[in-house]
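Structure below is work_31.txt: compact mmCIF, C-alpha atoms.
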```txt
# COMPACT_ATOMS: atom_id res chain seq x y z
CA MET W 1 19.82 85.67 75.06
CA ARG W 2 18.24 86.07 78.46
CA VAL W 3 19.32 84.07 81.50
CA VAL W 4 16.77 82.83 84.00
CA ALA W 5 17.79 83.33 87.65
CA SER W 6 17.08 80.85 90.42
CA ASP W 7 14.03 82.85 91.52
CA GLY W 8 12.55 82.86 88.03
CA ARG W 9 13.64 86.37 87.03
CA ARG W 10 15.15 86.99 83.61
CA VAL W 11 18.43 88.91 83.89
CA ASP W 12 21.06 90.19 81.50
CA PRO W 13 24.16 87.93 81.59
CA LEU W 14 26.39 91.04 81.60
CA SER W 15 24.72 92.46 84.67
CA VAL W 16 25.31 89.37 86.82
CA THR W 17 28.94 90.23 87.48
CA ALA W 18 27.96 93.78 88.38
CA GLN W 19 26.37 92.42 91.54
CA PHE W 20 29.82 91.47 92.89
CA PRO W 21 32.34 94.09 94.11
CA ALA W 22 35.31 94.70 91.86
CA VAL W 23 37.61 94.92 94.89
CA ASP W 24 37.49 92.36 97.66
CA ALA W 25 36.49 93.83 101.02
CA TYR W 26 39.38 91.92 102.61
CA ALA W 27 42.00 93.30 100.23
CA PHE W 28 42.95 96.24 102.45
CA GLY W 29 42.62 94.56 105.85
CA PRO W 30 40.09 92.75 108.02
CA TYR W 31 36.50 93.59 107.27
CA ASP W 32 34.35 94.70 110.18
CA PRO W 33 30.75 93.57 109.57
CA ASN W 34 29.54 96.04 112.17
CA PRO W 35 31.78 99.13 111.93
CA TYR W 36 29.47 101.33 113.99
CA GLY W 37 29.50 99.23 117.17
CA GLY W 38 25.85 98.20 117.00
CA ARG W 39 24.59 101.69 116.09
CA LEU W 40 23.24 102.86 112.79
CA PRO W 41 25.38 105.39 110.88
CA ASP W 42 22.84 108.16 111.36
CA MET W 43 22.70 107.76 115.16
CA PRO W 44 24.97 110.20 117.07
CA LEU W 45 27.58 108.61 119.32
CA ARG W 46 27.48 109.47 123.01
CA GLN W 47 30.47 111.55 124.02
CA ARG W 48 31.63 112.19 127.55
CA PRO W 49 31.70 115.88 128.45
CA PRO W 50 35.21 117.30 128.78
CA GLY W 51 36.63 117.92 132.23
CA ARG W 52 37.22 121.40 133.59
CA VAL W 53 40.24 122.97 135.18
CA SER W 54 39.77 123.91 138.82
CA HIS W 55 41.28 127.40 138.96
CA LEU W 56 40.71 127.73 142.69
CA GLY W 57 42.37 124.37 143.32
CA GLY W 58 45.30 125.27 141.09
CA ALA W 59 45.81 128.62 142.83
CA LEU W 60 45.63 126.99 146.25
CA ALA W 61 48.10 124.25 145.28
CA ALA W 62 50.55 126.78 143.83
CA ALA W 63 50.35 128.93 146.98
CA ILE W 64 50.96 125.96 149.31
CA VAL W 65 53.91 124.60 147.32
CA THR W 66 55.47 128.07 147.02
CA ALA W 67 55.13 128.71 150.74
CA GLY W 68 56.65 125.31 151.50
CA LEU W 69 59.71 125.99 149.33
CA ILE W 70 60.24 129.45 150.83
CA VAL W 71 59.95 128.25 154.43
CA ALA W 72 62.27 125.29 153.80
CA ALA W 73 64.86 127.50 152.10
CA ASN W 74 64.97 129.82 155.11
CA TYR W 75 65.57 126.90 157.49
CA GLY W 76 68.63 125.55 155.66
CA ALA W 77 69.95 123.50 152.75
CA THR W 78 68.92 120.15 154.23
CA GLN W 79 65.36 121.30 154.77
CA LEU W 80 65.25 122.66 151.21
CA LEU W 81 66.47 119.29 149.89
CA ILE W 82 63.69 117.53 151.80
CA ALA W 83 61.10 119.98 150.44
CA VAL W 84 62.34 119.54 146.87
CA ALA W 85 62.32 115.75 147.23
CA ALA W 86 58.78 115.85 148.62
CA ALA W 87 57.67 118.07 145.74
CA GLN W 88 59.26 115.68 143.25
CA GLY W 89 57.53 112.66 144.76
CA LEU W 90 54.19 114.43 144.83
CA LEU W 91 54.68 115.57 141.23
CA VAL W 92 55.41 112.04 140.02
CA LEU W 93 52.29 110.59 141.64
CA THR W 94 49.89 113.39 140.72
CA TRP W 95 51.16 113.63 137.14
CA VAL W 96 50.97 109.88 136.49
CA PHE W 97 47.50 109.45 137.96
CA GLY W 98 46.15 112.84 136.92
CA THR W 99 47.01 112.44 133.24
CA ALA W 100 46.47 108.64 133.19
CA VAL W 101 49.90 107.99 131.66
CA PRO W 102 49.94 104.62 129.84
CA GLY W 103 52.26 102.29 131.73
CA ARG W 104 51.79 103.86 135.15
CA LEU W 105 54.07 101.58 137.17
CA GLY W 106 57.03 102.05 134.84
CA ALA W 107 56.42 105.80 134.66
CA ILE W 108 56.53 106.05 138.45
CA VAL W 109 59.79 104.08 138.56
CA VAL W 110 61.46 106.20 135.86
CA GLY W 111 60.27 109.45 137.45
CA ALA W 112 61.44 108.38 140.91
CA LEU W 113 64.88 107.37 139.60
CA ALA W 114 65.26 110.68 137.75
CA ALA W 115 64.29 112.64 140.86
CA ALA W 116 66.67 110.68 143.09
CA GLY W 117 69.53 111.06 140.62
CA ALA W 118 69.00 114.81 140.30
CA ASP W 119 68.92 115.29 144.08
CA LEU W 120 72.06 113.19 144.49
CA ILE W 121 74.01 115.16 141.89
CA VAL W 122 72.97 118.53 143.29
CA SER W 123 73.93 117.42 146.80
CA ARG W 124 77.25 115.88 145.71
CA TRP W 125 78.31 118.76 143.45
CA PRO W 126 76.55 121.81 144.90
CA HIS W 127 78.52 124.25 142.74
CA GLY W 128 78.28 122.37 139.45
CA GLN W 129 75.58 124.68 138.08
CA LEU W 130 72.85 123.10 135.92
CA GLY W 131 75.22 121.28 133.58
CA THR W 132 75.53 118.31 135.91
CA LEU W 133 71.78 117.69 135.69
CA ALA W 134 72.13 117.03 131.94
CA VAL W 135 73.57 113.62 132.86
CA ILE W 136 70.23 112.58 134.34
CA LEU W 137 68.36 113.74 131.24
CA GLY W 138 70.73 111.74 129.03
CA LEU W 139 70.29 108.57 131.09
CA ALA W 140 66.51 109.05 131.16
CA ILE W 141 66.21 108.72 127.36
CA PRO W 142 67.14 105.01 127.15
CA ALA W 143 65.20 104.39 130.36
CA MET W 144 62.03 105.72 128.73
CA PHE W 145 62.46 103.44 125.71
CA ILE W 146 63.14 100.45 127.96
CA HIS W 147 59.95 101.33 129.81
CA GLN W 148 58.01 101.07 126.54
CA LEU W 149 59.61 97.72 125.70
CA THR W 150 58.65 96.29 129.09
CA ARG W 151 54.99 97.08 128.47
CA GLY W 152 54.73 94.01 126.20
CA VAL W 153 53.49 93.46 122.69
CA VAL W 154 50.02 94.82 123.48
CA ARG W 155 51.32 98.29 124.37
CA THR W 156 49.20 101.14 123.04
CA ARG W 157 49.45 104.95 123.01
CA VAL W 158 53.24 104.75 122.87
CA VAL W 159 53.77 108.34 121.71
CA GLU W 160 51.45 109.67 124.41
CA SER W 161 53.25 107.66 127.07
CA LEU W 162 56.68 108.81 125.89
CA SER W 163 55.72 112.48 125.71
CA ASP W 164 54.03 112.51 129.13
CA LEU W 165 56.96 110.71 130.73
CA ALA W 166 59.53 112.97 129.04
CA LEU W 167 57.82 116.10 130.38
CA LEU W 168 57.67 114.53 133.85
CA VAL W 169 61.40 113.73 133.79
CA VAL W 170 62.30 117.27 132.72
CA ALA W 171 60.17 118.73 135.52
CA VAL W 172 61.55 116.55 138.33
CA VAL W 173 65.12 117.19 137.14
CA ALA W 174 64.43 120.94 136.99
CA LEU W 175 63.12 121.22 140.55
CA PRO W 176 66.60 120.92 142.18
CA ALA W 177 67.49 124.19 140.46
CA TYR W 178 66.09 125.86 143.58
CA MET W 179 68.90 124.22 145.54
CA GLN W 180 71.47 125.44 143.05
CA LEU W 181 70.13 128.96 143.53
CA GLY W 182 70.81 128.66 147.24
CA HIS W 183 74.33 127.31 146.69
CA GLU W 184 75.58 129.68 144.02
CA MET W 185 73.62 132.93 144.26
CA LEU W 186 72.53 135.03 147.23
CA GLY W 187 71.38 132.10 149.33
CA THR W 188 67.85 131.97 150.64
CA ARG W 189 66.97 135.43 149.34
CA MET W 190 67.34 134.33 145.72
CA VAL W 191 65.40 131.11 146.30
CA THR W 192 62.64 133.11 147.95
CA ALA W 193 62.53 135.62 145.11
CA VAL W 194 62.38 133.03 142.31
CA ALA W 195 59.84 130.80 144.08
CA LEU W 196 57.69 133.79 144.99
CA ALA W 197 57.76 135.11 141.43
CA ALA W 198 56.89 131.74 139.88
CA GLY W 199 54.24 130.83 142.44
CA GLY W 200 52.75 134.32 142.47
CA ALA W 201 52.41 134.25 138.68
CA LEU W 202 50.60 130.93 138.86
CA VAL W 203 48.22 132.10 141.59
CA VAL W 204 47.40 135.35 139.79
CA GLY W 205 46.92 133.53 136.47
CA HIS W 206 44.49 131.02 138.00
CA LEU W 207 42.52 133.73 139.81
CA VAL W 208 42.25 135.87 136.68
CA ASP W 209 41.09 132.92 134.57
CA GLY W 210 38.61 131.94 137.26
CA ALA W 211 37.23 135.47 137.54
CA ALA W 212 36.94 135.72 133.74
CA PHE W 213 35.19 132.31 133.60
CA ILE W 214 37.87 130.96 131.26
CA GLN W 215 37.67 127.17 131.14
CA TYR W 216 39.94 124.72 129.40
CA GLY W 217 38.46 121.46 128.16
CA LEU W 218 40.38 118.36 129.18
CA PRO W 219 39.63 114.65 128.72
CA GLN W 220 37.52 113.31 131.55
CA ARG W 221 39.63 111.05 133.79
CA GLY W 222 37.50 110.58 136.89
CA ARG W 223 37.41 112.02 140.40
CA LEU W 224 41.03 111.15 141.18
CA ALA W 225 42.23 113.18 138.21
CA ALA W 226 40.10 116.14 139.28
CA ILE W 227 42.01 116.20 142.58
CA THR W 228 45.50 115.47 141.29
CA ARG W 229 45.50 117.71 138.19
CA PRO W 230 45.68 121.09 140.00
CA ILE W 231 48.53 119.82 142.19
CA ALA W 232 50.38 118.34 139.22
CA GLY W 233 49.95 121.55 137.24
CA ALA W 234 51.32 123.71 140.05
CA LEU W 235 54.31 121.45 140.68
CA MET W 236 55.03 121.08 136.97
CA SER W 237 54.99 124.84 136.43
CA LEU W 238 57.13 125.61 139.47
CA GLY W 239 59.62 122.96 138.39
CA LEU W 240 59.93 124.17 134.81
CA LEU W 241 60.24 127.81 135.93
CA ALA W 242 63.10 127.02 138.34
CA PRO W 243 65.90 126.73 135.73
CA ILE W 244 64.55 129.78 133.92
CA GLY W 245 64.88 131.78 137.12
CA TYR W 246 68.37 130.37 137.63
CA LEU W 247 69.48 131.46 134.16
CA LEU W 248 67.97 134.91 134.64
CA CYS W 249 69.88 135.27 137.89
CA LEU W 250 73.10 134.37 136.10
CA LEU W 251 72.44 137.03 133.47
CA ILE W 252 71.64 139.67 136.08
CA ARG W 253 74.74 138.85 138.11
CA GLY W 254 76.85 139.01 134.93
```
I need this file expressed as structure tokens, please.
Amino acid sequence: MRVVASDGRRVDPLSVTAQFPAVDAYAFGPYDPNPYGGRLPDMPLRQRPPGRVSHLGGALAAAIVTAGLIVAANYGATQLLIAVAAAQGLLVLTWVFGTAVPGRLGAIVVGALAAAGADLIVSRWPHGQLGTLAVILGLAIPAMFIHQLTRGVVRTRVVESLSDLALLVVAVVALPAYMQLGHEMLGTRMVTAVALAAGGALVVGHLVDGAAFIQYGLPQRGRLAAITRPIAGALMSLGLLAPIGYLLCLLIRG
């Protein structure tokens, strides 16, 4: 028996149901009638070219920050504290805006509080070694989760925001290790040696990569990021290398 369709065609009654999908398109979530954003599947999507690392800018930023730390250390402990605090503030701003951290305002607040707490502890207990700074890291963990909760129900890129903010907190808490070097080791000579070694390594590394035309692709963030990224990279590296230099000095001193 043949069935006549509405347009006059004769069709097999068993093949009528084959024209309908066996699984509903809405069964696994909302169906997007235009999944390609107005483009056909065979049309290539436009992609923004990746940003480039400015090796000259990074080397210059590392040299300036290193020179500032060395000069401040030779003037006294108060001047070194001011230099470290200025480096922390500059690191917070350049890191947040250079990497476009999701939740910028909260990230700035958490980073500033971590920097202020680390400076206060190092100034209050100048001979407490690096163990006293662990208190700031412990308090920063719930602060970072509270920061994510305050972003509201529309918060996105939570893991990216947490990871960027965690690295920022570690760096700003590590920077006061230069002050601990001045308090517990050989004074300004040890601070000068560690800062010069860390900053010199950064400058040489940037110059070698620049001379060898080695480029690192980064997501494009705009002109502001192009300016702030070299500064943030230099400050981040100098901060993370400070406790390593401190521990090496402890091992050498025995």
Go ahead and find all residues with at least one atom no further than 12 Å from (55.7, 99.5, 125.6) in the file's coordinates, using only C-alpha atoms; report them as a list of chain:residue names. W:Val101, W:Pro102, W:Gly103, W:Arg104, W:Leu105, W:Gly106, W:Ala107, W:Ala143, W:Met144, W:Phe145, W:Ile146, W:His147, W:Gln148, W:Leu149, W:Thr150, W:Arg151, W:Gly152, W:Val153, W:Val154, W:Arg155, W:Thr156, W:Arg157, W:Val158, W:Val159, W:Glu160, W:Ser161, W:Leu162
Non-local contacts of W:Ala115 (10 Å; only C-alpha atoms; under 3 positions in same chain excluded) as a VMD selection string: chain W and resid 84 to 85 87 to 89 92 109 to 112 118 to 120 136 168 to 176
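Our summary of the geometry notes that atom CA of W:Leu247 is positioned 23.8 Å from atom CA of W:Ala86.
Using all atoms listed in the file for every distance, the candidate list W:Gly68, W:Gly233, W:Gly205, W:Gly117 yields W:Gly117 as the residue closest to W:Leu133.
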How far is it from atom CA of W:Met236 to atom CA of W:Asp209, in Å with one decimal? 18.4 Å
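Restricting the calculation to only C-alpha atoms, the smallest distance between W:Leu240 and any of W:Arg189, W:Leu91, W:Leu139, W:Ala100 is found for W:Leu91.
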Answer as an NGL selection string, residues within 12 Å of (55.4, 136.3, 143.8) using only C-alpha atoms: :W and (62-63 or 66-67 or 70 or 191-205 or 238)
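Our summary of the geometry notes that atom CA of W:Gly138 is positioned 16.0 Å from atom CA of W:Val122.
Taking only C-alpha atoms into account, W:Ala77 lies nearest to W:Met179 out of the set W:Met179, W:Ala140, W:Ala242, W:Ala166.
Residue nearest W:Leu81, chosen from W:Thr228, W:Ser237, W:Thr99, W:Gln180 and counting all atoms listed in the file: W:Gln180.
With only C-alpha atoms as the atoms that count, the residue of W:Thr94, W:Ile244, W:His206, W:Ile121 with the shortest distance to W:Ala59 is W:His206.
Among W:Val96, W:Leu235, W:Leu181, W:Leu165, the residue with the shortest atom-to-atom distance to W:Ala61, counting all atoms listed in the file, is W:Leu235.
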